[in-house]
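Shown next: coords_34.cif, given as mmCIF, C-alpha atoms.
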```
data_run
#
loop_
_atom_site.label_atom_id
_atom_site.label_comp_id
_atom_site.auth_asym_id
_atom_site.auth_seq_id
_atom_site.Cartn_x
_atom_site.Cartn_y
_atom_site.Cartn_z
CA MET K 15 -49.92 192.10 -140.34
CA ALA K 16 -52.56 191.13 -137.72
CA ALA K 17 -52.51 187.49 -136.62
CA PRO K 18 -55.23 185.30 -138.22
CA ASP K 19 -58.35 184.88 -136.18
CA TYR K 20 -58.68 181.21 -135.23
CA HIS K 21 -62.06 181.50 -133.51
CA TYR K 22 -64.42 181.60 -136.49
CA PRO K 23 -65.04 178.09 -137.77
CA ALA K 24 -66.72 179.36 -140.93
CA ASP K 25 -63.87 181.64 -141.82
CA HIS K 26 -61.71 180.23 -144.61
CA ARG K 27 -58.70 181.57 -142.79
CA HIS K 28 -59.47 179.14 -140.02
CA LEU K 29 -59.29 176.32 -142.52
CA TYR K 30 -56.18 177.75 -144.02
CA CYS K 31 -54.46 178.08 -140.69
CA GLN K 32 -55.49 174.69 -139.42
CA HIS K 33 -54.94 172.53 -142.44
CA SER K 34 -52.47 174.07 -144.76
CA LEU K 35 -48.77 173.90 -144.00
CA ALA K 36 -48.23 174.07 -140.27
CA ALA K 37 -45.61 176.68 -140.84
CA PHE K 38 -48.24 179.21 -141.76
CA ARG K 39 -49.56 179.04 -138.24
CA LEU K 40 -46.32 180.55 -137.14
CA ALA K 41 -46.97 183.57 -139.25
CA ASP K 42 -45.31 185.88 -136.77
CA ASP K 43 -42.05 183.94 -137.03
CA ILE K 44 -41.99 183.75 -140.80
CA PRO K 45 -40.38 186.45 -142.92
CA GLU K 46 -43.02 188.70 -144.40
CA PRO K 47 -42.61 187.67 -148.04
CA PHE K 48 -43.78 184.16 -147.14
CA LEU K 49 -47.17 185.29 -145.82
CA PHE K 50 -49.98 184.02 -147.94
CA PRO K 51 -52.50 184.64 -149.41
CA ASP K 52 -53.00 188.23 -148.23
CA HIS K 53 -49.40 189.14 -149.01
CA PRO K 54 -48.42 188.72 -152.63
CA ARG K 55 -45.01 190.11 -151.66
CA VAL K 56 -43.84 186.52 -151.96
CA CYS K 57 -43.28 187.46 -155.60
CA VAL K 58 -40.50 189.81 -154.66
CA LEU K 59 -38.59 186.94 -153.24
CA ARG K 60 -37.11 185.36 -156.32
CA GLU K 61 -37.69 187.71 -159.23
CA ALA K 62 -39.31 185.81 -162.14
CA GLY K 63 -38.93 182.50 -160.30
CA GLY K 64 -40.93 184.06 -157.48
CA PHE K 65 -43.90 184.42 -159.81
CA VAL K 66 -43.93 180.69 -160.56
CA PHE K 67 -43.56 179.96 -156.86
CA SER K 68 -46.47 182.30 -156.07
CA GLU K 69 -48.69 180.60 -158.62
CA LEU K 70 -47.83 177.17 -157.23
CA LEU K 71 -48.61 178.44 -153.77
CA ALA K 72 -51.95 179.85 -154.96
CA CYS K 73 -52.82 176.53 -156.62
CA SER K 74 -51.80 174.61 -153.49
CA TYR K 75 -54.04 176.90 -151.50
CA PHE K 76 -56.98 176.18 -153.76
CA VAL K 77 -56.29 172.42 -153.77
CA LEU K 78 -56.21 172.40 -149.97
CA MET K 79 -59.47 174.31 -149.89
CA VAL K 80 -61.00 171.70 -152.21
CA ILE K 81 -59.69 168.86 -150.02
CA PHE K 82 -60.90 170.26 -146.75
CA SER K 83 -64.09 172.06 -147.63
CA ASN K 84 -67.12 171.05 -149.64
CA ASP K 85 -68.82 174.36 -149.11
CA PRO K 86 -69.30 175.89 -152.58
CA VAL K 87 -69.34 179.41 -151.10
CA VAL K 88 -65.96 178.86 -149.46
CA LEU K 89 -64.58 177.30 -152.65
CA GLU K 90 -65.95 180.12 -154.76
CA GLY K 91 -64.30 182.64 -152.43
CA ALA K 92 -61.02 180.73 -152.59
CA LEU K 93 -61.15 180.58 -156.38
CA ILE K 94 -61.82 184.31 -156.61
CA ARG K 95 -58.85 184.95 -154.31
CA VAL K 96 -56.60 182.75 -156.46
CA LEU K 97 -57.79 184.46 -159.66
CA ILE K 98 -57.18 187.90 -158.17
CA PHE K 99 -53.86 186.79 -156.75
CA ILE K 100 -52.45 185.69 -160.11
CA PRO K 101 -52.45 189.13 -161.84
CA VAL K 102 -51.45 190.82 -158.59
CA ALA K 103 -48.48 188.44 -158.35
CA GLY K 104 -47.66 189.24 -161.97
CA VAL K 105 -47.73 192.98 -161.37
CA ILE K 106 -45.62 192.67 -158.25
CA THR K 107 -43.11 190.44 -160.02
CA TYR K 108 -42.92 192.98 -162.82
CA LEU K 109 -42.40 195.83 -160.36
CA SER K 110 -39.81 193.86 -158.44
CA LEU K 111 -37.93 193.18 -161.68
CA ILE K 112 -37.98 196.89 -162.47
CA ARG K 113 -36.75 197.65 -158.96
CA ILE K 114 -33.92 195.14 -159.35
CA ARG K 115 -32.97 196.70 -162.68
CA VAL K 116 -32.95 200.17 -161.10
CA GLU K 117 -30.88 198.87 -158.19
CA ASP K 118 -28.39 197.32 -160.59
CA ALA K 119 -28.16 200.56 -162.54
CA LEU K 120 -27.63 202.46 -159.29
CA LYS K 121 -24.92 200.02 -158.18
CA GLU K 122 -23.22 200.38 -161.57
CA SER K 123 -23.47 204.16 -161.35
CA ASN K 124 -22.03 204.16 -157.81
CA LYS K 125 -19.23 201.84 -158.90
CA ARG K 126 -18.38 204.14 -161.79
CA PHE K 127 -18.52 207.16 -159.49
CA PHE K 128 -16.09 205.61 -156.98
CA GLU K 129 -13.80 204.54 -159.80
CA PHE K 130 -13.94 208.12 -161.06
CA LEU K 131 -12.98 209.43 -157.61
CA LYS K 132 -10.06 207.01 -157.29
CA GLU K 133 -8.85 207.71 -160.81
CA ALA K 134 -9.31 211.46 -160.34
CA ALA K 135 -7.35 211.35 -157.09
CA MET K 136 -4.50 209.47 -158.73
CA ARG K 137 -4.43 211.37 -162.00
CA LEU K 138 -5.12 214.85 -160.70
CA LYS K 139 -3.86 215.10 -157.14
CA THR K 140 -0.36 213.76 -157.79
CA PRO K 141 0.23 215.69 -161.05
CA LEU K 142 -0.99 218.89 -159.41
CA GLU K 143 1.42 218.32 -156.55
CA VAL K 144 4.22 217.83 -159.10
CA VAL K 145 3.33 221.08 -160.86
CA GLU K 146 2.98 222.90 -157.55
CA GLU K 147 6.43 221.75 -156.42
CA ASN K 148 7.98 222.50 -159.82
CA ILE K 149 6.65 226.05 -159.69
CA SER K 150 7.81 226.32 -156.11
CA GLY K 151 11.29 225.22 -157.27
CA ILE K 152 11.29 227.81 -160.05
CA THR K 153 10.30 230.62 -157.69
CA SER K 154 13.02 229.54 -155.24
CA ASP K 155 15.58 229.69 -158.07
CA ILE K 156 14.38 233.18 -159.01
CA GLU K 157 14.53 234.35 -155.40
CA ARG K 158 18.07 233.03 -155.02
CA GLY K 159 19.01 235.02 -158.11
CA GLY K 160 21.39 234.24 -160.94
CA CYS K 161 18.73 232.50 -163.05
CA ASP K 162 18.73 232.75 -166.76
CA PRO K 163 15.35 234.26 -167.77
CA VAL K 164 15.32 231.97 -170.82
CA ASP K 165 15.57 228.92 -168.57
CA VAL K 166 12.88 230.24 -166.27
CA ALA K 167 10.59 230.91 -169.22
CA LEU K 168 11.22 227.39 -170.55
CA GLN K 169 10.43 225.81 -167.21
CA LEU K 170 7.25 227.86 -166.85
CA LYS K 171 6.22 226.91 -170.38
CA PHE K 172 6.63 223.29 -169.42
CA GLN K 173 4.45 223.79 -166.35
CA MET K 174 1.82 225.34 -168.64
CA LYS K 175 2.00 222.23 -170.81
CA ASN K 176 1.59 220.11 -167.70
CA MET K 177 -1.50 222.08 -166.70
CA GLU K 178 -2.88 221.71 -170.21
CA GLN K 179 -2.33 217.97 -170.00
CA ILE K 180 -4.08 217.82 -166.61
CA ARG K 181 -7.05 219.65 -168.16
CA GLN K 182 -7.12 217.04 -170.93
CA THR K 183 -7.06 214.32 -168.30
CA ILE K 184 -10.07 215.88 -166.55
CA ILE K 185 -11.93 215.95 -169.88
CA GLU K 186 -11.04 212.29 -170.45
CA LEU K 187 -12.32 211.34 -167.01
CA ASN K 188 -15.50 213.36 -167.54
CA LYS K 189 -15.98 211.64 -170.88
CA ALA K 190 -15.79 208.23 -169.19
CA ILE K 191 -18.63 209.28 -166.89
CA THR K 192 -20.84 211.19 -169.33
CA ASP K 193 -20.65 208.46 -171.98
CA HIS K 194 -22.36 206.05 -169.61
CA GLY K 195 -25.00 208.30 -168.09
CA ASP K 196 -28.25 209.72 -169.47
CA GLU K 197 -28.68 212.07 -166.53
CA PHE K 198 -26.50 214.79 -168.06
CA SER K 199 -28.14 217.54 -170.05
CA ASP K 200 -26.56 218.49 -173.37
CA ALA K 201 -25.36 221.78 -171.87
CA THR K 202 -23.72 219.99 -168.91
CA ARG K 203 -22.19 217.40 -171.20
CA LYS K 204 -20.76 220.16 -173.41
CA PHE K 205 -19.38 222.00 -170.38
CA LEU K 206 -17.73 218.84 -169.03
CA MET K 207 -16.15 218.01 -172.36
CA GLU K 208 -14.72 221.41 -173.22
CA MET S 20 18.77 212.51 -145.72
CA THR S 21 21.52 210.70 -147.58
CA PHE S 22 21.30 207.17 -148.88
CA SER S 23 23.79 204.54 -149.85
CA LEU S 24 24.10 202.53 -153.03
CA THR S 25 26.31 199.84 -151.58
CA GLY S 26 24.87 196.42 -152.22
CA ILE S 27 22.99 197.30 -155.39
CA ASN S 28 23.00 194.57 -157.99
CA ASP S 29 23.02 194.64 -161.75
CA GLU S 30 19.81 194.14 -163.72
CA GLU S 31 17.61 195.24 -160.87
CA ILE S 32 15.18 198.10 -160.48
CA TYR S 33 15.32 200.40 -157.47
CA LEU S 34 12.79 202.99 -156.41
CA VAL S 35 14.19 206.02 -154.64
CA MET S 36 11.55 207.95 -152.75
CA ALA S 37 11.89 211.69 -152.39
CA SER S 38 9.52 214.56 -151.71
CA ALA S 39 8.83 216.80 -154.68
CA ALA S 40 10.80 219.59 -153.02
CA GLU S 41 13.87 217.37 -152.68
CA ILE S 42 13.73 215.49 -155.95
CA ARG S 43 16.20 217.68 -157.83
CA ASN S 44 18.85 217.37 -155.13
CA LYS S 45 18.17 213.66 -154.69
CA ASN S 46 18.63 213.07 -158.42
CA ILE S 47 21.93 214.93 -158.38
CA GLU S 48 23.04 212.99 -155.31
CA LEU S 49 22.03 209.69 -156.90
CA ILE S 50 23.77 210.44 -160.21
CA ASN S 51 26.90 211.49 -158.34
CA MET S 52 26.95 208.18 -156.50
CA LEU S 53 26.44 206.18 -159.68
CA LEU S 54 29.25 208.04 -161.41
CA ALA S 55 31.46 207.36 -158.41
CA MET S 56 30.70 203.65 -158.89
CA ASP S 57 31.91 203.93 -162.47
CA TYR S 58 28.49 203.68 -164.07
CA HIS S 59 27.59 205.50 -167.26
CA VAL S 60 24.28 207.15 -166.38
CA LEU S 61 21.43 207.32 -168.87
CA VAL S 62 18.93 209.83 -167.47
CA ILE S 63 15.36 210.10 -168.71
CA MET S 64 14.14 213.53 -167.67
CA THR S 65 10.46 214.24 -167.42
CA ASN S 66 10.52 217.21 -165.09
CA GLN S 67 13.49 219.36 -166.05
CA PRO S 68 14.66 220.57 -169.45
CA TYR S 69 18.16 219.70 -170.62
CA ASP S 70 19.54 223.25 -170.44
CA VAL S 71 18.48 223.69 -166.83
CA LEU S 72 19.59 220.19 -165.87
CA LYS S 73 23.01 220.68 -167.45
CA LYS S 74 23.51 223.93 -165.53
CA ASN S 75 22.42 222.25 -162.28
CA PHE S 76 24.86 219.40 -162.90
CA GLU S 77 27.68 221.81 -163.64
CA LYS S 78 26.88 223.77 -160.47
CA SER S 79 27.09 220.52 -158.50
CA GLY S 80 30.39 219.60 -160.11
CA ILE S 81 29.03 216.71 -162.17
CA LEU S 82 30.87 216.10 -165.40
CA MET S 83 28.68 215.39 -168.39
CA ASP S 84 31.17 212.97 -169.99
CA LYS S 85 29.57 209.88 -168.55
CA ILE S 86 26.00 211.05 -168.72
CA THR S 87 23.49 210.67 -171.54
CA ILE S 88 20.21 212.51 -171.19
CA VAL S 89 16.89 211.73 -172.80
CA ASP S 90 15.00 215.01 -172.64
CA THR S 91 11.23 214.69 -173.04
CA ILE S 92 10.47 218.28 -172.10
CA THR S 93 12.36 220.86 -174.12
CA LYS S 94 10.77 220.08 -177.48
CA HIS S 95 7.35 219.81 -175.86
CA ALA S 96 7.65 223.14 -174.00
CA MET S 97 9.42 225.13 -176.70
CA GLY S 98 7.27 223.82 -179.51
CA HIS S 99 10.32 223.44 -181.78
CA ASP S 100 13.55 221.46 -181.97
CA HIS S 101 16.53 222.18 -179.73
CA GLU S 102 19.96 222.45 -181.29
CA PRO S 103 21.59 219.01 -181.36
CA GLU S 104 23.61 218.17 -178.27
CA LYS S 105 26.36 215.58 -177.99
CA ASN S 106 25.04 213.80 -174.93
CA CYS S 107 21.33 214.52 -175.17
CA ARG S 108 18.48 213.09 -177.23
CA PHE S 109 15.26 215.05 -177.48
CA ILE S 110 11.82 213.42 -177.50
CA SER S 111 8.69 215.23 -178.62
CA ASN S 112 6.83 214.84 -175.31
CA PRO S 113 6.79 212.71 -172.15
CA ALA S 114 3.80 210.70 -173.44
CA ASP S 115 5.84 209.41 -176.38
CA LEU S 116 6.81 206.12 -174.77
CA THR S 117 7.67 204.58 -178.13
CA GLY S 118 10.09 207.41 -178.83
CA ILE S 119 11.63 207.05 -175.38
CA GLY S 120 11.96 203.29 -175.91
CA ILE S 121 13.71 203.73 -179.26
CA VAL S 122 16.13 206.35 -177.95
CA VAL S 123 16.93 204.27 -174.86
CA SER S 124 17.56 201.18 -176.99
CA GLU S 125 19.83 203.13 -179.34
CA SER S 126 21.70 204.71 -176.44
CA LEU S 127 22.19 201.35 -174.73
CA ALA S 128 23.44 199.88 -177.99
CA GLY S 129 26.03 202.68 -178.15
CA LEU S 130 27.14 201.95 -174.59
CA LYS S 131 27.48 198.22 -175.03
CA ASP S 132 30.85 197.75 -173.33
CA LYS S 133 30.06 200.04 -170.43
CA LYS S 134 28.38 199.60 -167.10
CA VAL S 135 25.14 201.50 -167.59
CA SER S 136 22.59 202.70 -165.10
CA LEU S 137 19.22 203.99 -166.27
CA VAL S 138 17.69 206.74 -164.14
CA PHE S 139 14.12 208.01 -164.47
CA GLY S 140 14.09 211.61 -163.27
CA SER S 141 10.56 211.49 -161.91
CA VAL S 142 7.98 208.73 -162.07
CA ASN S 143 5.29 211.02 -160.67
CA SER S 144 5.61 213.52 -163.47
CA MET S 145 5.11 210.66 -165.96
CA LEU S 146 1.70 210.21 -164.34
CA ILE S 147 0.59 213.52 -165.85
CA TYR S 148 0.94 212.01 -169.31
CA ILE S 149 -0.77 208.66 -168.81
CA SER S 150 -3.86 208.45 -170.95
#
```
Just give me the structure of the file as C-alpha cells.
Amino acid sequence: MAAPDYHYPADHRHLYCQHSLAAFRLADDIPEPFLFPDHPRVCVLREAGGFVFSELLACSYFVLMVIFSNDPVVLEGALIRVLIFIPVAGVITYLSLIRIRVEDALKESNKRFFEFLKEAAMRLKTPLEVVEENISGITSDIERGGCDPVDVALQLKFQMKNMEQIRQTIIELNKAITDHGDEFSDATRKFLME
Amino acid sequence: MTFSLTGINDEEIYLVMASAAEIRNKNIELINMLLAMDYHVLVIMTNQPYDVLKKNFEKSGILMDKITIVDTITKHAMGHDHEPEKNCRFISNPADLTGIGIVVSESLAGLKDKKVSLVFGSVNSMLIYIS
C-alpha cells in the first residue's frame, strides 16, 4: 500500500495520520491486517472477534474525526466510509471464516491421508514381505526336492488365504478414507470397496 | 548367527529377531535350546501348518514329546478340520485370538507341574490378521 500523503491539510487522511493513534503513522512497520481504514483485512485477524474489533476501530475512527474536525463535509465522508466499512468487514469476516473452515478440512484430510499411509505401510508392507518370504521358502523346499505335494499345496493355500486377508485389509483401509470424504464418486467408492 | 539363552528368567517375554528367510531355522534352533533347558515348549504357529512343522522338527531331530503346538493355519487353509493330534490343538484362523487364548490356557493348565515356555512362531504374520 502507498504511504499516506501528509502534505494535504484538507485531506482526511492527514487528520487521520496526525491525530489518531501514533502507531498508524508507522504504517510501513505495521503488519498489513492492521492498516485502517482502507484495508478491511483487519477482519481476517481474529475470525469473528476480528469483526467486533474492526467495528470498534471504525467507530474510533469516526469519533476521532468528530473530535478533530468540525467540517461537515469531512465528517460526512468519514461517516460514509464507516458505513461502507461495516458490511465490507462483515463480508471479509465471513469469507475468512469459510477459509478457516476449508483449511481445517484440508488439515483433517491431510492428517487422515498420512495416517492412511502409515497404516498402509504397516499393514501391507510387512504382511506382503511375510507372504513373499513364505512363498520363497516353499519354492526352495520344492527345488531341494523330497517335498510332499500335499504339504506344498497346503502351504500355498495358506498363502492364498494370507493374500485374501491382505485384500480385506486394503478394503478396510479404503473404507476408513472413503467414509470421511465426499470427493469420491460412487463408481470410485465402489471400486475401492470391492 | 547363533544366540544364547543363558541368563533368561522365568515370567519374562523375549523378542527374537530374525529375517523372514531365517525364521524357520531360528524357531527350530530356539525350540531346541529350550528343550535342552528342560522346558516344555508350547508353540503358537501362525506361519506354518502342523504337518509341515512336525516334519521339519523330525528332520532336525526334535522330539515332539515335550512340545505342544497350537496350529492356527491348517483349519484356515484346508477349510475343514484336521484329524485330531495328540500334541496339537487346531484353531480356526490366526485372527481368532479368543480361541488361541482358550487353548493356551487349557494347555497351560495341563502342564501345571512343568516348566513351560510359550513360543510365538511369527509375530509379523499375526499382523496380517489384525483388523
request  = Compute the set of chain S residues within 12 Å of chain K, using all atoms listed in the file, and express it as a PyMOL selection string.
outcome  = chain S and resi 37-44+65-75+78+91-99+101+112-114+141-150
request  = Could you please determine the separation between CA of Arg126 (chain K) and CA of Ile191 (chain K) in Å, to one decimal place?
outcome  =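 According to the coordinates, CA of Arg126 (chain K) and CA of Ile191 (chain K) are separated by 7.2 Å.
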key: Separation of CA of Arg181 (chain K) from CA of Asp193 (chain K), in Å and rounded to one decimal   = 18.0 Å
query = Could you name the residues that touch region 30-33 of chain S at 10 Å or less, counting all atoms listed in the file, but leaving out those on the same chain fewer than 3 positions away, as a list of chain:residue names?
reply =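 Surrounding residues, per the criterion: S:Ile27, S:Met36, S:Val135, S:Ser136, S:Leu137, S:Val138.
Here, the PyMOL selection byres ((chain S and resi 47) around 10) matches Ile42, Arg43, Asn44, Lys45, Asn46, Glu48, Leu49, Ile50, Asn51, Met52, Leu53, Leu72, Asn75, Phe76, Ser79, Gly80, Ile81 and Gly140 of chain S.
The interatomic distance for the pair CA of Met79 (chain K) and CA of Leu97 (chain K) works out to 14.2 Å.
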ask   = Nearest to Leu127 (chain S) among S:Leu34, S:Val89, S:Leu54, S:Ile110, with distances taken over all atoms listed in the file: which residue is it?
value =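 Among S:Leu34, S:Val89, S:Leu54, S:Ile110, it is S:Val89 that comes nearest to Leu127 (chain S).
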task = List the residues selected by the PyMOL selection byres ((chain K and resi 204) around 12) in the file shown, writing them as a PyMOL selection string.
result = chain K and resi 185+188-189+192-193+198-203+205-208
key: Result set, the PyMOL selection byres ((chain S and resi 134) around 8) on current file, as a PyMOL selection string   = chain S and resi 57-59+130+132-133+135-136
